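Q: This is the structure, below, for whatever I ask next.
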Amino acid sequence: MNEVRMLTLMGHIREEYLAEAEPDFLKALIPDRDSAATAAKRRLPRRLLAAAASVLLTLGVGFGTLTALTRSGVIPMDSLPFLDRFPALQAILWPDETQNEEETEREPASEPPPESDTLPDAETQAQPGMQETEEESAPGPSCADGHTPRVLLDRAATCYAVSRLRTVCEVCGYEENVYGEERLHHTFSDGFCTVCGLTEGAFESVIAEYMTEVDGVVMGKVNIVNPPEGWEVGGEILFPNVCFTEEYGLIPACYVSESIGFRFKPSRVVVPEGYINVYALGNENLEEVVLPSTLRSINWGCFEDCTALRSVTLPEGLTTIVQYAFKGCTALTDLRIPDSVTEIGAFAFEGCTNLTLDALPASLTVLGEAAFKECASITVSAIPAGVTEIPRDTFRQCTSIPSMTIPDTVISISDAAFYGCSSMVSIRLSANLSELSASILANCSSLTELEIPPSVLHIRDFALARTGLTDIRIPASVLDLGMWVFQHSPALHRVVFEGADTVIGNRCFLDCPSLETVELPLHMTAISGNLFEKCTGLREIRIPNDVRKIDGQAFLDCTALETVQFPTALRELHRQAFENCTSLKKLTMNGTGEAYLVRDNGLIHLSTKTLTFATAEALIPADGSVTAIGQYAFYGQPVCELTIPEGVTLINREAFGDCRRLTEIHLPSTLTTVGKWMFLGCNALERVYYNGTSSQWQKLVLSTDVDKDTLRYDVVCTDGVLHPDYTVTPLGQ
Amino acid sequence: MHDDRIIELYFARDEQAIRHTADKYGAYCTAVSMNILHSEPDAEECVNDTYLKTWNSIPPTRPSSLRLFLAAIVRNLSLNRLRDRRAGKRNPVIEVSLEELSECIPAPNDQNEGELASLINEFLGTCSKTDRIIFVQRYFYSLSDEAIAEGLGLTRNAVSLRLSRTRKRLRVYLEERGYAI
């Protein structure tokens, strides 16, 4: 099939062609499992203004805004005076003059935009299916039948975002978002957007006051303390496009993916009283932030990567810290999370390496994925009782956590939740936990105290790898252990399985050099591959009597292993199960097995009379109960002298492979077949004795498929020494 | 997990990258490989090799689509395995594909492979979208005519007819540019 190259050539087809031709059944195989965080990132523009009271105030300031509104193809200007629908919003915006508000608002809105006539109405109508429906939108009947939904402008098109309309039916509650076609491409003058008033320049300090009213026009106001050279803004800049959302507080409409902090890079931000949310203030210059007492929520990525931020005082009353809120604030040291916080979102404090936090608020109920990942200085030692779930990576590599108590209310702890908590000495797990998930306590190198609760059914891959555990009991409730569960545990000394049927995955005890005692499940049926590889402290193993199969390299490199008790049910022993167990001496079995028998430290297969496996101390019985030496039977054993008794007719390939200490071997005259590579790696072998004549030997090696290696030895036959070149030196010379 | 974050993990040399790749694209890669090899253990090995190869090539490569990047790797590895597999199951779709392709494309070698590939890409650019999809599904994704027909809502005959026309055009296209068989 050398022409496969023709198809390999097709591997160079352009990705766009591959993508368009990708078969649906393949696409369907990709789980829709984007993490909450990234999903939120994608959803952000939609969620931004999703709250019921979301309103955009786009007013005044000449043609720019009007262009903004009309070019985006979204503006039924007469639908703008909708503020009257949100009395709560008005109360926040204009606490003193809610009465007159409607009129001031209507005024600029009624001003007909120059190009609005050209906009067909249809474009502004909600079109179900045109874009994804808002997740939070109430599932209700579509308004197709009869009702006339109101179309509200949710967000004008900006420099960076397409516009969005929200269709709301007051009769049936149907809601839908519709997105405009394109974003605006504003012109920047001196790096300053002529429409939105945003700039790419860095300012030393911005105090955001956000809302003000100039001649009946509502504008956002940001006070620039030190404007860049050449600026004549008098320290103040007005944002014509500002929106208020209940969900995210006040933000410049120009914001989409870049935050205000990113645009302005202020070092000090004062959020005025009255705000319940803050959003996207983070930047690398931010050193100080003053949060209002009214604050309820710190939103998505608000302080992400504020590497200069040292401390924040979170107001009492704060309830939610949304995902990414303080991610990567490496300088952040002082923080007290007030007792009103109920939710800490995904990645909220990820990478806050200097954060010294000693307790989580008692009010906490929701912890997000990787919320405290790599917070190397936190010393939290208990999970509040309201928490039910600890998601993936939550405390991963929190290297200062001294111990951990998880209340019984927690019913699930996901993968790697405590991975690499290298100072953690003890952990008390919830009594309602049903599994130890993958890598849950892996790399907790100081962990010595752990009791697996009797509710646990599964222990997943790597769950307890590289810990400091010395003695562990696996309760009877555990049905199975995944792979690599205890691997590389340097101190693990004793393992007791209390259950009779627990299934143990491959490589579970890989490289546990201190392991001495293992009480395996009484009725286990198989020793899986590489199970005890490199357990260099293991001297004795009793394999439970129901084990039928011992897999390859199960005991590879167990160099101290001396005694093995084989199970009576044994049917299948992999030829490399005990590879490189160089101390092996004693083999035993409780009586005669179903297929095998142990005699004089050799394992004999009953029906074929084959010596399947033997230690260096094995004596091959000469009574005819063994007629064949199995493949790899003595492989790697430190045997020095070996006598194969008369009656043995067959020696399989590599039967004495790698017996590096073998110096002398006596072969019987009854041999009829020898396999390849019989003496491969027997570097010390000097003499081969053959209990027959030289011609018999020649006949034997010529009639069977023998390799050159086997033929390079002098063979001492009964009538003389046969040399590799088939010359014979008679005995006595 | 989003692809960008997975790629970020590769760049950070974090082994979790492989886990996330396997979580998200394991079934996908296995399907691509199974399509070629028709053998589960072989496919599994190819997929594992794919992870390793991905790990070794990101960085410096920064694939624009992780999925297609993986698909290309797993496909190549599977084809190599198919070639090395002396005995065992043959894949009729692949055999027929090879025969069909050898009728219109000269045997590639180290020297002309790059130019041939870009010519094929150019040629695909001249095809109609449906023809192109059929061609790519057939010779890249190794789908059978039936599977292609079902996916596109065509009949099996229509697919093989279009495919043979495309091949003829490709043959002429390559001949005109000095790649006669």
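Labeling convention for the structure tokens: chains A, B, ... as they appear, residues from 1 per chain, ligands from 1 in order of appearance.
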Residues near region 34-37 of chain B, anyone? I mean within 8 Å using only C-alpha atoms, not counting same-chain ones fewer than 2 positions away, as number ranges by chain.

A: B: 30-32, 39-40, 42-43, 75, 78-79, 81-82, 89-91, 94, 141-143

Q: Which residues come within 9 Å of Leu731 (chain A), counting only C-alpha atoms, excluding same-chain residues fewer than 6 positions away, as a ChimeraX atom specification?

A: /A:716-721

Q: Contacts of Tyr690 (chain A) at 9 Å or less, counting only C-alpha atoms, minus same-chain residues fewer than 6 places along, as a compact mmCIF listing (two decimals) with N, CA and C atoms, in the first residue's frame?

A:
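What ended up in out_26.txt:
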# COMPACT_ATOMS: atom_id res chain seq x y z
N ILE A 665 25.06 -24.96 32.46
CA ILE A 665 23.74 -25.55 32.29
C ILE A 665 23.86 -26.97 31.77
N HIS A 666 23.04 -27.83 32.34
CA HIS A 666 23.04 -29.24 31.92
C HIS A 666 21.74 -29.53 31.19
N LEU A 667 21.89 -29.98 29.95
CA LEU A 667 20.70 -30.26 29.16
C LEU A 667 20.54 -31.77 29.00
N PRO A 668 19.31 -32.24 28.96
CA PRO A 668 19.08 -33.69 28.89
C PRO A 668 19.17 -34.20 27.45
N SER A 669 19.41 -35.49 27.34
CA SER A 669 19.52 -36.08 26.01
C SER A 669 18.15 -36.26 25.36
N TRP A 697 23.51 -33.89 19.42
CA TRP A 697 23.35 -32.44 19.59
C TRP A 697 23.26 -31.73 18.24
N VAL A 715 29.81 -27.07 23.49
CA VAL A 715 28.87 -27.95 24.16
C VAL A 715 29.61 -29.21 24.58
N VAL A 716 29.56 -29.48 25.87
CA VAL A 716 30.23 -30.67 26.37
C VAL A 716 29.28 -31.85 26.24
N CYS A 717 29.57 -32.72 25.28
CA CYS A 717 28.70 -33.87 25.08
C CYS A 717 29.35 -35.09 25.73
N THR A 718 28.67 -36.19 25.66
CA THR A 718 29.21 -37.37 26.33
C THR A 718 30.44 -37.90 25.61

Q: Do me a favour and pick out the residues of chain B within 6 Å of chain A, using only C-alpha atoms, as a PDB file with N, CA and C atoms, in the first residue's frame.

A:
ATOM      1  N   MET B   1     -13.941  22.706  27.301  1.00  0.00           N
ATOM      2  CA  MET B   1     -12.932  23.763  27.315  1.00  0.00           C
ATOM      3  C   MET B   1     -12.737  24.288  25.898  1.00  0.00           C
ATOM      4  N   HIS B   2     -12.573  25.543  25.810  1.00  0.00           N
ATOM      5  CA  HIS B   2     -12.433  26.151  24.503  1.00  0.00           C
ATOM      6  C   HIS B   2     -11.062  25.829  23.929  1.00  0.00           C
ATOM      7  N   LYS B  24     -12.174  16.207  24.696  1.00  0.00           N
ATOM      8  CA  LYS B  24     -13.013  16.883  23.720  1.00  0.00           C
ATOM      9  C   LYS B  24     -12.965  16.204  22.361  1.00  0.00           C
ATOM     10  N   TYR B  25     -11.782  15.782  21.953  1.00  0.00           N
ATOM     11  CA  TYR B  25     -11.646  15.294  20.587  1.00  0.00           C
ATOM     12  C   TYR B  25     -11.308  13.809  20.481  1.00  0.00           C
ATOM     13  N   ALA B  27     -13.153  11.114  20.844  1.00  0.00           N
ATOM     14  CA  ALA B  27     -14.110  10.367  20.028  1.00  0.00           C
ATOM     15  C   ALA B  27     -13.986  10.766  18.561  1.00  0.00           C
ATOM     16  N   TYR B  28     -13.757  12.035  18.359  1.00  0.00           N
ATOM     17  CA  TYR B  28     -13.621  12.568  17.007  1.00  0.00           C
ATOM     18  C   TYR B  28     -12.441  11.931  16.288  1.00  0.00           C
ATOM     19  N   ALA B  72      -5.958  16.147  10.726  1.00  0.00           N
ATOM     20  CA  ALA B  72      -4.900  15.924   9.737  1.00  0.00           C
ATOM     21  C   ALA B  72      -3.842  14.981  10.290  1.00  0.00           C
ATOM     22  N   ARG B  83      -0.472   1.442   5.834  1.00  0.00           N
ATOM     23  CA  ARG B  83       0.561   1.027   4.900  1.00  0.00           C
ATOM     24  C   ARG B  83       1.461  -0.027   5.539  1.00  0.00           C
ATOM     25  N   ALA B 117       0.255  19.588  -4.063  1.00  0.00           N
ATOM     26  CA  ALA B 117      -0.739  19.936  -3.041  1.00  0.00           C
ATOM     27  C   ALA B 117      -1.332  21.300  -3.320  1.00  0.00           C
ATOM     28  N   ASN B 121      -5.194  22.336  -4.244  1.00  0.00           N
ATOM     29  CA  ASN B 121      -5.950  23.371  -3.547  1.00  0.00           C
ATOM     30  C   ASN B 121      -6.520  24.399  -4.518  1.00  0.00           C
ATOM     31  N   ILE B 133     -16.984  19.590  -1.580  1.00  0.00           N
ATOM     32  CA  ILE B 133     -17.305  18.850  -0.357  1.00  0.00           C
ATOM     33  C   ILE B 133     -17.222  17.349  -0.620  1.00  0.00           C
ATOM     34  N   GLN B 137     -14.672  15.027   1.286  1.00  0.00           N
ATOM     35  CA  GLN B 137     -15.205  13.969   2.156  1.00  0.00           C
ATOM     36  C   GLN B 137     -14.713  12.608   1.695  1.00  0.00           C
ATOM     37  N   PHE B 140     -10.355  12.972   1.809  1.00  0.00           N
ATOM     38  CA  PHE B 140      -9.722  13.337   3.082  1.00  0.00           C
ATOM     39  C   PHE B 140     -10.375  12.569   4.232  1.00  0.00           C
TER      40      PHE B 140
END

Q: Write out as a list in words the residues lying within 10 Å of Leu450 (chain A), counting only C-alpha atoms and excluding same-chain residues fewer than 2 positions away.

A: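 Listed by chain and then number, they are Val425, Ser426, Ile427, Arg428, Leu429, Leu447, Thr448, Ile452, Pro453, Leu469, Thr470, Asp471, Ile472 and Arg473 of chain A.
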
Q: With a distance cut-off of 9 Å and only C-alpha atoms, select the neighbouring residues of Leu70 (chain B), excluding the residue or stretch itself and same-chain residues fewer than 5 positions from it, and output the selection as a list in words.

A: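 These residues fall inside the cut-off: Tyr25, Cys29, Thr50, Tyr51, Thr54, Ser65 and Arg75 of chain B.
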
Q: Can you tell me which residues surround region 580-588 of chain A at a distance of at most 7 Å, considering only C-alpha atoms, apart from same-chain residues fewer than 5 positions away, and format the answer as number ranges by chain?

A: A: 556-566, 598, 601-602, 615-617, 636-638

Q: Keeping N, CA and C atoms, export the residues of the selection given above as a short mmCIF file (atom, residue, chain, number, x, y, z; two decimals), in the first residue's frame.

A:
data_model
loop_
_atom_site.label_atom_id
_atom_site.label_comp_id
_atom_site.auth_asym_id
_atom_site.auth_seq_id
_atom_site.Cartn_x
_atom_site.Cartn_y
_atom_site.Cartn_z
N LEU A 556 6.80 -6.04 37.48
CA LEU A 556 8.04 -5.61 36.84
C LEU A 556 8.92 -4.82 37.82
N ASP A 557 10.19 -5.18 37.86
CA ASP A 557 11.16 -4.46 38.69
C ASP A 557 10.87 -4.49 40.19
N CYS A 558 10.14 -5.49 40.68
CA CYS A 558 9.98 -5.63 42.13
C CYS A 558 11.22 -6.37 42.61
N THR A 559 12.30 -5.65 42.75
CA THR A 559 13.59 -6.29 42.92
C THR A 559 13.77 -6.93 44.29
N ALA A 560 12.89 -6.60 45.25
CA ALA A 560 13.03 -7.22 46.57
C ALA A 560 12.07 -8.38 46.76
N LEU A 561 11.21 -8.60 45.81
CA LEU A 561 10.18 -9.61 45.97
C LEU A 561 10.81 -11.00 46.07
N GLU A 562 10.52 -11.67 47.21
CA GLU A 562 11.11 -12.99 47.43
C GLU A 562 10.08 -14.11 47.34
N THR A 563 8.90 -13.83 47.87
CA THR A 563 7.92 -14.90 47.98
C THR A 563 6.62 -14.54 47.28
N VAL A 564 6.13 -15.45 46.50
CA VAL A 564 4.86 -15.22 45.83
C VAL A 564 3.96 -16.41 46.11
N GLN A 565 2.76 -16.11 46.60
CA GLN A 565 1.81 -17.21 46.72
C GLN A 565 0.85 -17.13 45.56
N PHE A 566 0.87 -18.16 44.73
CA PHE A 566 0.02 -18.13 43.55
C PHE A 566 -1.39 -18.60 43.90
N VAL A 598 2.39 -25.72 42.07
CA VAL A 598 3.71 -25.18 42.42
C VAL A 598 4.51 -26.29 43.08
N ASN A 601 9.45 -24.45 44.00
CA ASN A 601 9.61 -23.08 43.50
C ASN A 601 9.48 -22.94 41.99
N GLY A 602 8.79 -23.88 41.42
CA GLY A 602 8.51 -23.76 39.99
C GLY A 602 7.01 -23.90 39.77
N THR A 615 11.83 -19.78 39.89
CA THR A 615 12.80 -18.87 40.50
C THR A 615 14.19 -19.48 40.36
N ALA A 616 15.15 -18.74 40.86
CA ALA A 616 16.52 -19.21 40.77
C ALA A 616 16.72 -20.45 41.63
N GLU A 617 15.86 -20.61 42.62
CA GLU A 617 16.04 -21.74 43.52
C GLU A 617 15.19 -22.94 43.11
N GLY A 636 15.65 -13.75 33.22
CA GLY A 636 16.21 -12.74 34.13
C GLY A 636 16.48 -13.23 35.54
N GLN A 637 16.24 -14.49 35.84
CA GLN A 637 16.45 -14.97 37.21
C GLN A 637 17.95 -15.14 37.48
N PRO A 638 18.35 -14.85 38.71
CA PRO A 638 19.80 -14.91 39.01
C PRO A 638 20.26 -16.35 39.27
#

Q: Write out as a PyMOL selection string the residues lying within 9 Å of Asp49 (chain B), counting only C-alpha atoms and excluding same-chain residues fewer than 5 positions away.

A: chain B and resi 44+54+74+77

Q: Those same residues, written as a compact mmCIF listing (two decimals), in the first residue's frame with N, CA and C atoms?

A:
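So the final result, stored in out.txt, reads:
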# COMPACT_ATOMS: atom_id res chain seq x y z
N GLU B 44 -7.00 3.24 18.30
CA GLU B 44 -6.66 3.78 19.62
C GLU B 44 -5.19 4.17 19.68
N THR B 54 0.86 15.98 18.68
CA THR B 54 0.33 17.32 18.93
C THR B 54 1.16 18.01 20.01
N VAL B 74 -4.12 12.73 12.81
CA VAL B 74 -4.59 11.37 13.05
C VAL B 74 -4.81 10.65 11.73
N LEU B 77 -1.30 9.57 10.47
CA LEU B 77 -0.78 8.44 11.24
C LEU B 77 -1.54 7.17 10.88

Q: Using only C-alpha atoms, which of the listed residues (A:Thr610, A:Ser514, A:Asn691, A:Thr502) sits closest to Pro475 (chain A)?

A: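 Closest residue, counting only C-alpha atoms: A:Thr502.
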
Q: From a DSSP calculation on the backbone, collect every residue of chain B in helix (DSSP H, G or I) and output the set as a ChimeraX atom specification.

A: /B:3-11,16-37,40-57,66-84,92-104,113-126,129-139,145-152,156-176

Q: If I take CA of Ile378 (chain A) and CA of Ile411 (chain A), how far is one from the other in Å, to one decimal?

A: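 Atom-to-atom, CA of Ile378 (chain A) to CA of Ile411 (chain A), that is 23.6 Å.
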